[in-house]
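Heads up, entry-v4.cif below (mmCIF, C-alpha atoms):
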```
data_work
#
loop_
_atom_site.label_atom_id
_atom_site.label_comp_id
_atom_site.auth_asym_id
_atom_site.auth_seq_id
_atom_site.Cartn_x
_atom_site.Cartn_y
_atom_site.Cartn_z
CA MET B 210 135.57 6.11 26.45
CA GLY B 211 137.53 3.32 28.08
CA GLY B 212 141.06 3.79 29.25
CA HIS B 213 140.50 6.40 31.99
CA PRO B 214 141.77 5.01 35.30
CA GLY B 215 140.27 6.53 38.41
CA MET B 216 137.93 6.18 41.34
CA VAL B 217 134.29 7.22 41.47
CA LEU B 218 132.13 7.69 44.54
CA VAL B 219 128.52 6.65 43.93
CA ASP B 220 125.44 7.17 46.11
CA LYS B 221 123.54 3.91 45.62
CA PRO B 222 119.74 4.20 45.75
CA ALA B 223 117.52 1.65 47.49
CA GLY B 224 116.27 -1.35 45.55
CA VAL B 225 119.25 -1.88 43.27
CA THR B 226 122.22 -4.15 43.88
CA SER B 227 125.83 -3.03 44.06
CA HIS B 228 126.35 -5.12 40.92
CA ASP B 229 123.65 -3.07 39.13
CA VAL B 230 125.66 0.08 39.91
CA VAL B 231 128.86 -1.51 38.59
CA ALA B 232 127.03 -2.58 35.41
CA ARG B 233 125.77 0.99 34.91
CA ALA B 234 129.30 2.33 35.42
CA ARG B 235 130.66 -0.14 32.85
CA ARG B 236 128.19 1.14 30.28
CA ALA B 237 128.76 4.81 31.13
CA LEU B 238 132.56 4.54 31.07
CA GLY B 239 132.86 2.05 28.22
CA THR B 240 134.98 -0.46 30.13
CA ARG B 241 134.53 -3.86 31.72
CA LYS B 242 137.30 -3.27 34.24
CA ILE B 243 135.43 -1.87 37.23
CA GLY B 244 135.35 -3.12 40.81
CA HIS B 245 134.11 -1.85 44.16
CA ALA B 246 135.49 -1.59 47.69
CA GLY B 247 132.70 -3.32 49.60
CA THR B 248 129.13 -4.13 48.65
CA LEU B 249 125.84 -2.78 50.00
CA ASP B 250 122.63 -4.78 50.39
CA PRO B 251 119.86 -3.94 47.89
CA MET B 252 117.78 -2.31 50.68
CA ALA B 253 120.71 -0.14 51.75
CA THR B 254 121.63 3.22 50.26
CA GLY B 255 124.78 5.27 50.28
CA LEU B 256 128.43 5.23 49.44
CA LEU B 257 129.96 2.77 47.00
CA VAL B 258 133.60 3.35 46.03
CA LEU B 259 134.31 2.14 42.49
CA GLY B 260 137.73 1.60 40.94
CA VAL B 261 138.06 1.95 37.15
CA GLU B 262 140.66 0.40 34.85
CA SER B 263 144.10 0.10 36.49
CA ALA B 264 142.83 1.93 39.60
CA THR B 265 140.97 -1.28 40.54
CA ARG B 266 144.35 -2.31 41.97
CA LEU B 267 143.87 0.30 44.70
CA LEU B 268 140.63 -1.27 45.95
CA THR B 269 142.49 -3.78 48.12
CA TYR B 270 143.76 -0.83 50.17
CA LEU B 271 140.24 0.60 50.60
CA VAL B 272 138.18 -2.43 51.63
CA GLY B 273 139.58 -2.45 55.17
CA LEU B 274 138.75 1.18 55.94
CA ASP B 275 136.39 2.10 58.77
CA LYS B 276 132.85 3.01 57.81
CA THR B 277 129.96 5.16 59.06
CA TYR B 278 126.32 4.14 58.79
CA GLU B 279 122.99 5.77 59.59
CA ALA B 280 120.40 3.13 60.41
CA THR B 281 116.96 2.52 61.84
CA ILE B 282 116.57 -0.45 64.18
CA ARG B 283 113.06 -1.72 64.91
CA LEU B 284 112.64 -3.39 68.29
CA GLY B 285 109.70 -5.72 68.84
CA SER B 286 110.27 -8.44 66.26
CA ALA B 287 113.02 -10.58 64.77
CA THR B 288 113.26 -11.69 61.12
CA THR B 289 114.97 -14.45 59.17
CA THR B 290 117.35 -11.96 57.54
CA ASP B 291 117.76 -9.51 60.45
CA ASP B 292 116.26 -6.83 58.21
CA ALA B 293 112.82 -5.82 56.91
CA GLU B 294 113.09 -8.04 53.82
CA GLY B 295 112.97 -11.28 55.80
CA GLU B 296 110.06 -13.22 57.23
CA THR B 297 109.03 -12.37 60.78
CA LEU B 298 110.17 -14.98 63.30
CA ASP B 299 109.13 -13.72 66.72
CA VAL B 300 106.92 -10.85 67.79
CA ALA B 301 107.14 -9.53 71.35
CA SER B 302 103.98 -8.89 73.35
CA LEU B 303 102.84 -5.31 73.91
CA ASP B 304 103.54 -5.67 77.64
CA THR B 305 107.11 -6.83 77.03
CA ILE B 306 107.83 -3.94 74.68
CA GLU B 307 106.30 -1.37 77.03
CA ARG B 308 108.62 -2.59 79.79
CA VAL B 309 111.69 -1.64 77.71
CA THR B 310 112.82 1.73 79.08
CA ASP B 311 115.09 4.33 77.51
CA PRO B 312 117.84 3.44 80.04
CA ASP B 313 117.47 -0.23 79.04
CA ILE B 314 118.01 0.74 75.40
CA ALA B 315 120.99 2.93 76.28
CA ALA B 316 122.55 0.08 78.26
CA GLY B 317 121.99 -2.33 75.38
CA VAL B 318 123.64 0.08 72.96
CA ALA B 319 126.57 0.59 75.34
CA ALA B 320 127.08 -3.19 75.56
CA LEU B 321 127.45 -3.32 71.76
CA THR B 322 129.93 -0.43 71.63
CA GLY B 323 133.70 -0.85 71.56
CA ALA B 324 135.56 -4.07 70.77
CA ILE B 325 132.89 -6.76 70.51
CA SER B 326 132.48 -10.31 69.24
CA GLN B 327 129.82 -10.59 66.55
CA VAL B 328 128.25 -13.53 64.73
CA PRO B 329 127.48 -12.32 61.16
CA SER B 330 123.96 -12.59 59.79
CA SER B 331 123.17 -15.94 58.17
CA VAL B 332 122.30 -14.07 54.98
CA SER B 333 125.71 -12.43 54.73
CA ALA B 334 128.04 -12.90 51.77
CA ILE B 335 130.59 -14.85 53.85
CA LYS B 336 131.59 -18.14 52.26
CA VAL B 337 130.98 -21.44 54.04
CA ASP B 338 132.84 -24.34 52.41
CA GLY B 339 133.15 -22.27 49.26
CA ARG B 340 129.48 -21.30 49.05
CA ARG B 341 127.89 -17.99 50.01
CA ALA B 342 126.09 -18.11 53.37
CA TYR B 343 123.04 -16.35 51.93
CA ASP B 344 122.71 -18.99 49.17
CA LEU B 345 122.72 -21.76 51.79
CA ALA B 346 120.28 -19.88 54.05
CA ARG B 347 117.83 -19.33 51.20
CA LYS B 348 117.88 -23.05 50.45
CA GLY B 349 116.81 -23.70 54.02
CA GLU B 350 120.15 -25.11 55.14
CA ASP B 351 121.33 -24.32 58.65
CA VAL B 352 124.16 -21.83 58.49
CA THR B 353 126.42 -21.41 61.50
CA LEU B 354 128.99 -18.67 61.11
CA ALA B 355 131.90 -18.15 63.48
CA ALA B 356 131.96 -15.09 65.70
CA ARG B 357 134.44 -12.43 64.67
CA ALA B 358 136.06 -9.54 66.49
CA VAL B 359 134.84 -6.14 65.28
CA THR B 360 135.04 -2.62 66.67
CA VAL B 361 132.08 -0.27 67.02
CA ALA B 362 133.79 3.03 67.75
CA ARG B 363 130.52 5.00 67.93
CA PHE B 364 126.93 3.84 68.43
CA ASP B 365 124.88 7.02 68.88
CA LEU B 366 121.15 7.01 69.53
CA ARG B 367 119.67 9.92 67.61
CA ALA B 368 115.97 9.22 68.23
CA VAL B 369 113.67 6.76 70.01
CA ARG B 370 110.21 6.53 68.42
CA ARG B 371 107.57 4.45 70.20
CA ALA B 372 104.41 3.12 68.57
CA ALA B 373 102.02 0.28 69.32
CA GLY B 374 104.15 -2.88 69.39
CA THR B 375 107.38 -1.32 68.14
CA ILE B 376 110.22 0.93 69.18
CA ASP B 377 112.20 2.47 66.31
CA LEU B 378 115.74 3.67 66.99
CA ASP B 379 117.57 6.04 64.66
CA VAL B 380 121.29 5.45 65.14
CA VAL B 381 124.67 6.50 63.76
CA ILE B 382 127.45 3.92 63.85
CA ASP B 383 131.19 4.16 63.20
CA CYS B 384 132.65 0.68 62.81
CA SER B 385 135.54 -1.39 61.55
CA SER B 386 135.35 -3.09 58.19
CA GLY B 387 133.43 -6.37 58.39
CA THR B 388 130.92 -5.18 61.00
CA TYR B 389 127.33 -6.19 60.21
CA ILE B 390 124.80 -3.52 61.17
CA ARG B 391 121.99 -6.08 60.76
CA ALA B 392 123.71 -8.23 63.39
CA LEU B 393 123.86 -5.23 65.76
CA ALA B 394 120.09 -4.79 65.31
CA ARG B 395 119.51 -8.51 65.92
CA ASP B 396 121.74 -8.58 69.02
CA LEU B 397 120.31 -5.40 70.54
CA GLY B 398 116.79 -6.79 70.18
CA ALA B 399 117.86 -10.15 71.64
CA ASP B 400 119.63 -8.47 74.58
CA LEU B 401 116.47 -6.49 75.36
CA GLY B 402 114.30 -9.61 75.07
CA VAL B 403 112.02 -8.22 72.35
CA GLY B 404 113.79 -9.06 69.09
CA GLY B 405 115.16 -6.56 66.62
CA HIS B 406 115.85 -6.02 62.95
CA LEU B 407 117.04 -3.33 60.59
CA THR B 408 114.51 -1.26 58.62
CA ALA B 409 116.83 1.30 57.01
CA LEU B 410 120.57 1.50 56.35
CA ARG B 411 122.67 4.21 54.72
CA ARG B 412 126.47 4.20 54.41
CA THR B 413 127.69 7.78 54.70
CA ARG B 414 131.46 7.27 54.91
CA VAL B 415 134.21 4.87 53.83
CA GLY B 416 137.51 5.94 55.40
CA PRO B 417 138.12 9.54 54.30
CA PHE B 418 135.43 9.44 51.59
CA ALA B 419 131.96 10.90 52.23
CA VAL B 420 128.66 10.24 50.49
CA ASP B 421 128.20 14.02 50.21
CA ASP B 422 130.90 13.94 47.52
CA ALA B 423 129.29 11.05 45.60
CA VAL B 424 127.29 11.12 42.37
CA VAL B 425 124.04 9.31 41.62
CA PRO B 426 124.40 6.32 39.26
CA ASP B 427 122.99 8.27 36.29
CA ALA B 428 125.76 10.87 36.72
CA ILE B 429 128.65 8.39 36.44
CA ALA B 430 130.92 9.79 33.73
CA VAL B 431 134.61 10.32 32.99
CA GLU B 432 134.27 13.78 34.54
CA ALA B 433 133.25 12.18 37.85
CA LEU B 434 136.46 10.13 38.12
CA ALA B 435 138.85 11.07 40.91
CA ASP B 436 142.59 10.96 40.14
CA PRO B 437 144.03 7.65 41.45
CA ALA B 438 147.06 9.55 42.80
CA GLU B 439 144.87 11.82 44.92
CA VAL B 440 142.81 8.89 46.22
CA ALA B 441 145.92 6.87 47.09
CA ALA B 442 147.57 9.86 48.77
CA THR B 443 144.43 10.50 50.83
CA VAL B 444 144.27 6.91 52.07
CA LEU B 445 147.95 6.00 52.34
CA GLY B 446 149.90 9.25 52.42
CA ARG B 447 152.16 10.61 49.69
CA PHE B 448 155.69 9.27 49.10
CA GLU B 449 157.19 11.58 46.50
CA VAL B 450 159.60 10.00 44.03
CA SER B 451 161.80 11.43 41.30
CA ASP B 452 161.34 10.36 37.70
CA ASP B 453 164.41 8.10 38.01
CA GLU B 454 163.02 6.49 41.16
CA ALA B 455 159.65 6.03 39.48
CA ARG B 456 161.31 4.32 36.54
CA ALA B 457 163.19 2.01 38.92
CA LEU B 458 160.00 1.06 40.76
CA TRP B 459 158.15 0.38 37.50
CA GLN B 460 161.05 -1.90 36.50
CA GLY B 461 160.68 -3.85 39.75
CA LYS B 462 163.80 -2.47 41.38
CA ARG B 463 164.21 -1.39 44.99
CA LEU B 464 165.06 2.12 46.11
CA THR B 465 168.20 1.43 48.12
CA GLY B 466 168.42 3.18 51.47
CA ALA B 467 165.13 5.05 50.98
CA ALA B 468 163.26 3.51 53.93
CA PRO B 469 163.85 6.47 56.31
CA ARG B 470 161.72 8.63 53.98
CA LEU B 471 158.70 6.35 54.40
CA VAL B 472 156.04 7.25 56.97
CA GLY B 473 154.45 4.10 58.39
CA GLU B 474 154.54 0.71 56.68
CA ARG B 475 153.39 1.75 53.21
CA GLN B 476 152.58 4.85 51.19
CA ALA B 477 151.51 5.89 47.70
CA ALA B 478 154.52 6.56 45.47
CA ILE B 479 153.72 9.63 43.38
CA THR B 480 155.99 11.45 40.94
CA THR B 481 156.69 15.17 41.23
CA GLY B 482 154.42 15.49 38.17
CA GLY B 483 151.53 13.88 40.06
CA THR B 484 151.49 10.40 38.49
CA LEU B 485 150.72 7.45 40.77
CA VAL B 486 153.46 4.84 40.44
CA GLY B 487 151.96 2.45 42.94
CA VAL B 488 152.07 1.51 46.62
CA VAL B 489 155.49 1.07 48.21
CA GLU B 490 156.54 -0.60 51.43
CA ARG B 491 159.57 -0.94 53.64
CA ARG B 492 162.07 -3.77 53.14
CA GLY B 493 164.84 -3.29 55.67
CA ASP B 494 166.61 -0.07 54.66
CA ASP B 495 165.08 -0.19 51.18
CA ILE B 496 161.75 0.62 49.57
CA LYS B 497 160.02 -1.81 47.20
CA SER B 498 156.71 -1.85 45.35
CA ALA B 499 153.80 -3.73 46.90
CA MET B 500 151.68 -2.83 43.86
CA ASN B 501 152.42 -0.87 40.70
CA LEU B 502 150.08 0.79 38.25
CA PRO B 503 151.08 0.44 34.60
CA ALA B 504 153.93 2.72 33.58
CA PRO B 505 152.99 5.47 31.11
CA ALA B 506 153.95 4.42 27.60
CA ALA B 507 156.49 7.21 27.21
CA ALA B 508 159.03 5.97 29.64
CA GLY B 509 158.54 2.62 31.05
CA GLY B 510 158.16 5.20 33.52
CA THR B 511 157.54 8.80 34.16
CA GLY B 512 154.37 10.84 34.27
#
```

Go ahead and express the file in the form of structure tokens.
Amino acid sequence: MGGHPGMVLVDKPAGVTSHDVVARARRALGTRKIGHAGTLDPMATGLLVLGVESATRLLTYLVGLDKTYEATIRLGSATTTDDAEGETLDVASLDTIERVTDPDIAAGVAALTGAISQVPSSVSAIKVDGRRAYDLARKGEDVTLAARAVTVARFDLRAVRRAAGTIDLDVVIDCSSGTYIRALARDLGADLGVGGHLTALRRTRVGPFAVDDAVVPDAIAVEALADPAEVAATVLGRFEVSDDEARALWQGKRLTGAAPRLVGERQAAITTGGTLVGVVERRGDDIKSAMNLPAPAAAGGTG
């Protein structure tokens, strides 16, 4: 069954790793060549975008897309991992929690909305001196990660649920790639003086792709693969090329004087027959390939 390039949207269940989903896709599709555009923690659910065969080359253009998450933040305690899987570090007193008002929460959320500076969680997958931060943290080593600029375009409070010793917040967040929702939970709790961590996380959108269009891991099959040309056109826009132009691009040549036809810095070069040639970019007045998919056997070039 190998040999079908494409993209597949998968709704990852809780309790399995992103790697588990990739392994299941490899078995279902009969190929080793599968990658994903951004991992999800085991506790998290929701959208994973997988690239299959030559379409893995498109993943680099998907990892930087904005994302939407639905999450539950628990105020009242902090944990070692900033989520429910870690050990509890600090627990706020009942009095302290009861003094946190809805306007306090709204102000804390507002302070974490927009362009912010964020220190990633110590159990993130960021590499420190070539080693994953979470590996160092689990060995008890102190991990200090540099703050990074991220953008939280939307941080909506959907519900505030109060119980003895806790306040649970259901939120929806639109954010730039590289934003850690666990770190938002940690920082909101710290700002309010009661501690905070994440108890639920679901990714509902990656760029233009929605979890509503995803399949469960057991339903991964060739029939679930999206055409790489359609995916690339959705993300990058369509740059239509003739068969002769496609052949030239596959041969590594430039399209002389074609730059005025390009919208933006780069687009997906697609033949009139609907075959994805690759991703093209501007070079002065010319167009050149930033990335090509393999040419169909027939032509060194046409679809």

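Atom pair CA of Ala499 in chain B / CA of Leu464 in chain B: separated by 12.7 Å.
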
Within 12 Å of Asp422 in chain B, counting all atoms listed in the file, which residues show up once you throw out same-chain ones fewer than 2 positions away? Write them as a ChimeraX atom specification, please. /B:217-220,255-258,413-415,417-420,424-425,433-435

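Taking CA of Leu238 in chain B and CA of Pro437 in chain B as endpoints, the distance between them is 15.8 Å.
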
Enumerate, as a VMD selection string, the protein, DNA and RNA residues whose atoms approach (132.7, 0.8, 71.7) to within 8 Å, taking into account all atoms listed in the file and the coordinate frame of the file. chain B and resid 319 to 325 360 to 364

What is the CA of Pro312 in chain B-CA of Asp299 in chain B distance in Å, reported with one decimal? 23.4 Å

Check what the PyMOL selection byres ((chain B and resi 447) around 6) selects in the file above and give those residues as a PDB file with C-alpha atoms, keeping the file's coordinate frame.
```pdb
ATOM      1  CA  ALA B 442     147.570   9.860  48.770  1.00  0.00           C
ATOM      2  CA  GLY B 446     149.900   9.250  52.420  1.00  0.00           C
ATOM      3  CA  PHE B 448     155.690   9.270  49.100  1.00  0.00           C
ATOM      4  CA  GLN B 476     152.580   4.850  51.190  1.00  0.00           C
ATOM      5  CA  ALA B 477     151.510   5.890  47.700  1.00  0.00           C
TER       6      ALA B 477
END
```

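Across B:Asp452, B:Asp275, B:Glu307, B:Asp495, the tightest approach to Ala373 in chain B is made by B:Glu307 when counting all atoms listed in the file.
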
Here's the selection I'm unsure about, the PyMOL selection byres ((chain B and resi 358) around 10); applied to the file above, which residues does it give, as a PyMOL selection string? chain B and resi 324-328+356-357+359-360+385+387-388

Let me know the centre plus edge lengths, in Å and rounded to one decimal, of a box with edges along x, y and z that contains all listed atoms of range 218-226 of chain B and is padded by 5 Å on every side, as lines of an AutoDock Vina configuration file.
```
center_x = 124.2
center_y = 1.8
center_z = 45.4
size_x = 25.9
size_y = 21.8
size_z = 14.2
```

So which residues get picked by the PyMOL selection byres ((chain B and resi 454) around 12) here, written as an NGL selection string? :B and (448-453 or 455-465 or 467 or 478-481 or 486-487 or 489 or 496-498 or 509-512)

Tell me which protein, DNA and RNA residues are within 9 Å of range 407-410 of chain B, counting all atoms listed in the file, leaving out same-chain ones fewer than 5 positions away, and put them as a ChimeraX atom specification. /B:250,252-255,278-284,291-294,377,390-395

Suppose we keep C-alpha atoms; can you now write the selection as a compact mmCIF listing (two decimals), keeping the file's coordinate frame?
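Listing of result.txt after writing:
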```txt
# COMPACT_ATOMS: atom_id res chain seq x y z
CA ASP B 250 122.63 -4.78 50.39
CA MET B 252 117.78 -2.31 50.68
CA ALA B 253 120.71 -0.14 51.75
CA THR B 254 121.63 3.22 50.26
CA GLY B 255 124.78 5.27 50.28
CA TYR B 278 126.32 4.14 58.79
CA GLU B 279 122.99 5.77 59.59
CA ALA B 280 120.40 3.13 60.41
CA THR B 281 116.96 2.52 61.84
CA ILE B 282 116.57 -0.45 64.18
CA ARG B 283 113.06 -1.72 64.91
CA LEU B 284 112.64 -3.39 68.29
CA ASP B 291 117.76 -9.51 60.45
CA ASP B 292 116.26 -6.83 58.21
CA ALA B 293 112.82 -5.82 56.91
CA GLU B 294 113.09 -8.04 53.82
CA ASP B 377 112.20 2.47 66.31
CA ILE B 390 124.80 -3.52 61.17
CA ARG B 391 121.99 -6.08 60.76
CA ALA B 392 123.71 -8.23 63.39
CA LEU B 393 123.86 -5.23 65.76
CA ALA B 394 120.09 -4.79 65.31
CA ARG B 395 119.51 -8.51 65.92
```

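You can rank B:Ser227, B:Thr375, B:Ser386, B:Thr484 by their closest distance to Leu271 in chain B using all atoms listed in the file, and at the top of that list sits B:Ser386.
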
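For Arg241 in chain B, the list of residues within 10 Å, based on all atoms listed in the file and with local chain neighbours fewer than 2 positions off taken out, reads Gly211, Val231, Ala232, Ala234, Arg235, Arg236, Leu238, Gly239, Ile243, Gly244, Val261 and Glu262 of chain B.
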
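Around the point (129.3, -5.5, 46.4), within 7 Å and counting all atoms listed in the file, we find these residues: Ser227, His228, His245, Gly247, Thr248 and Leu249 of chain B.
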
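Distances here use all atoms listed in the file; by that measure, the residue among B:Ala264, B:Val381, B:Thr305, B:Gly224 closest to Val440 in chain B is B:Ala264.
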
Could I see range 275-295 of chain B restored to N, CA, C and O atoms, set down as a PDB file, in the coordinates of the input?
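Contents of the output file selection-v2.pdb:
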```
ATOM      1  N   ASP B 275     137.561   1.953  57.905  1.00  0.00           N
ATOM      2  CA  ASP B 275     136.390   2.100  58.770  1.00  0.00           C
ATOM      3  C   ASP B 275     135.236   2.739  58.001  1.00  0.00           C
ATOM      4  O   ASP B 275     135.454   3.427  57.001  1.00  0.00           O
ATOM      5  N   LYS B 276     134.031   2.524  58.512  1.00  0.00           N
ATOM      6  CA  LYS B 276     132.850   3.010  57.810  1.00  0.00           C
ATOM      7  C   LYS B 276     131.874   3.667  58.796  1.00  0.00           C
ATOM      8  O   LYS B 276     131.906   3.360  59.990  1.00  0.00           O
ATOM      9  N   THR B 277     131.038   4.558  58.273  1.00  0.00           N
ATOM     10  CA  THR B 277     129.960   5.160  59.060  1.00  0.00           C
ATOM     11  C   THR B 277     128.622   4.834  58.416  1.00  0.00           C
ATOM     12  O   THR B 277     128.490   4.905  57.192  1.00  0.00           O
ATOM     13  N   TYR B 278     127.664   4.457  59.257  1.00  0.00           N
ATOM     14  CA  TYR B 278     126.320   4.140  58.790  1.00  0.00           C
ATOM     15  C   TYR B 278     125.279   4.921  59.587  1.00  0.00           C
ATOM     16  O   TYR B 278     125.451   5.149  60.790  1.00  0.00           O
ATOM     17  N   GLU B 279     124.209   5.317  58.921  1.00  0.00           N
ATOM     18  CA  GLU B 279     122.990   5.770  59.590  1.00  0.00           C
ATOM     19  C   GLU B 279     121.966   4.654  59.405  1.00  0.00           C
ATOM     20  O   GLU B 279     121.818   4.123  58.300  1.00  0.00           O
ATOM     21  N   ALA B 280     121.290   4.285  60.487  1.00  0.00           N
ATOM     22  CA  ALA B 280     120.400   3.130  60.410  1.00  0.00           C
ATOM     23  C   ALA B 280     119.180   3.341  61.282  1.00  0.00           C
ATOM     24  O   ALA B 280     119.183   4.161  62.204  1.00  0.00           O
ATOM     25  N   THR B 281     118.125   2.594  60.971  1.00  0.00           N
ATOM     26  CA  THR B 281     116.960   2.520  61.840  1.00  0.00           C
ATOM     27  C   THR B 281     116.781   1.065  62.272  1.00  0.00           C
ATOM     28  O   THR B 281     116.719   0.165  61.430  1.00  0.00           O
ATOM     29  N   ILE B 282     116.753   0.872  63.578  1.00  0.00           N
ATOM     30  CA  ILE B 282     116.570  -0.450  64.180  1.00  0.00           C
ATOM     31  C   ILE B 282     115.156  -0.519  64.749  1.00  0.00           C
ATOM     32  O   ILE B 282     114.748   0.369  65.506  1.00  0.00           O
ATOM     33  N   ARG B 283     114.410  -1.535  64.366  1.00  0.00           N
ATOM     34  CA  ARG B 283     113.060  -1.720  64.910  1.00  0.00           C
ATOM     35  C   ARG B 283     113.100  -2.815  65.979  1.00  0.00           C
ATOM     36  O   ARG B 283     113.443  -3.977  65.690  1.00  0.00           O
ATOM     37  N   LEU B 284     112.761  -2.430  67.200  1.00  0.00           N
ATOM     38  CA  LEU B 284     112.640  -3.390  68.290  1.00  0.00           C
ATOM     39  C   LEU B 284     111.199  -3.887  68.367  1.00  0.00           C
ATOM     40  O   LEU B 284     110.263  -3.127  68.121  1.00  0.00           O
ATOM     41  N   GLY B 285     111.043  -5.166  68.703  1.00  0.00           N
ATOM     42  CA  GLY B 285     109.700  -5.720  68.840  1.00  0.00           C
ATOM     43  C   GLY B 285     109.492  -6.982  68.034  1.00  0.00           C
ATOM     44  O   GLY B 285     108.558  -7.738  68.284  1.00  0.00           O
ATOM     45  N   SER B 286     110.379  -7.210  67.039  1.00  0.00           N
ATOM     46  CA  SER B 286     110.270  -8.440  66.260  1.00  0.00           C
ATOM     47  C   SER B 286     111.607  -8.788  65.621  1.00  0.00           C
ATOM     48  O   SER B 286     112.413  -7.897  65.331  1.00  0.00           O
ATOM     49  N   ALA B 287     111.828 -10.082  65.445  1.00  0.00           N
ATOM     50  CA  ALA B 287     113.020 -10.580  64.770  1.00  0.00           C
ATOM     51  C   ALA B 287     112.613 -11.135  63.408  1.00  0.00           C
ATOM     52  O   ALA B 287     111.459 -11.538  63.213  1.00  0.00           O
ATOM     53  N   THR B 288     113.558 -11.143  62.451  1.00  0.00           N
ATOM     54  CA  THR B 288     113.260 -11.690  61.120  1.00  0.00           C
ATOM     55  C   THR B 288     114.340 -12.678  60.697  1.00  0.00           C
ATOM     56  O   THR B 288     115.425 -12.730  61.285  1.00  0.00           O
ATOM     57  N   THR B 289     114.035 -13.423  59.658  1.00  0.00           N
ATOM     58  CA  THR B 289     114.970 -14.450  59.170  1.00  0.00           C
ATOM     59  C   THR B 289     116.249 -13.843  58.606  1.00  0.00           C
ATOM     60  O   THR B 289     117.281 -14.504  58.567  1.00  0.00           O
ATOM     61  N   THR B 290     116.184 -12.593  58.157  1.00  0.00           N
ATOM     62  CA  THR B 290     117.350 -11.960  57.540  1.00  0.00           C
ATOM     63  C   THR B 290     117.936 -10.843  58.387  1.00  0.00           C
ATOM     64  O   THR B 290     118.897 -10.190  57.983  1.00  0.00           O
ATOM     65  N   ASP B 291     117.339 -10.609  59.560  1.00  0.00           N
ATOM     66  CA  ASP B 291     117.760  -9.510  60.450  1.00  0.00           C
ATOM     67  C   ASP B 291     117.486  -8.145  59.834  1.00  0.00           C
ATOM     68  O   ASP B 291     117.999  -7.134  60.307  1.00  0.00           O
ATOM     69  N   ASP B 292     116.686  -8.115  58.767  1.00  0.00           N
ATOM     70  CA  ASP B 292     116.260  -6.830  58.210  1.00  0.00           C
ATOM     71  C   ASP B 292     114.786  -6.956  57.779  1.00  0.00           C
ATOM     72  O   ASP B 292     114.168  -8.014  57.937  1.00  0.00           O
ATOM     73  N   ALA B 293     114.255  -5.865  57.209  1.00  0.00           N
ATOM     74  CA  ALA B 293     112.820  -5.820  56.910  1.00  0.00           C
ATOM     75  C   ALA B 293     112.434  -6.711  55.740  1.00  0.00           C
ATOM     76  O   ALA B 293     111.240  -6.940  55.510  1.00  0.00           O
ATOM     77  N   GLU B 294     113.421  -7.233  54.994  1.00  0.00           N
ATOM     78  CA  GLU B 294     113.090  -8.040  53.820  1.00  0.00           C
ATOM     79  C   GLU B 294     112.817  -9.499  54.176  1.00  0.00           C
ATOM     80  O   GLU B 294     112.325 -10.251  53.354  1.00  0.00           O
ATOM     81  N   GLY B 295     113.162  -9.890  55.411  1.00  0.00           N
ATOM     82  CA  GLY B 295     112.970 -11.280  55.800  1.00  0.00           C
ATOM     83  C   GLY B 295     111.575 -11.547  56.352  1.00  0.00           C
ATOM     84  O   GLY B 295     110.761 -10.642  56.527  1.00  0.00           O
TER      85      GLY B 295
END
```
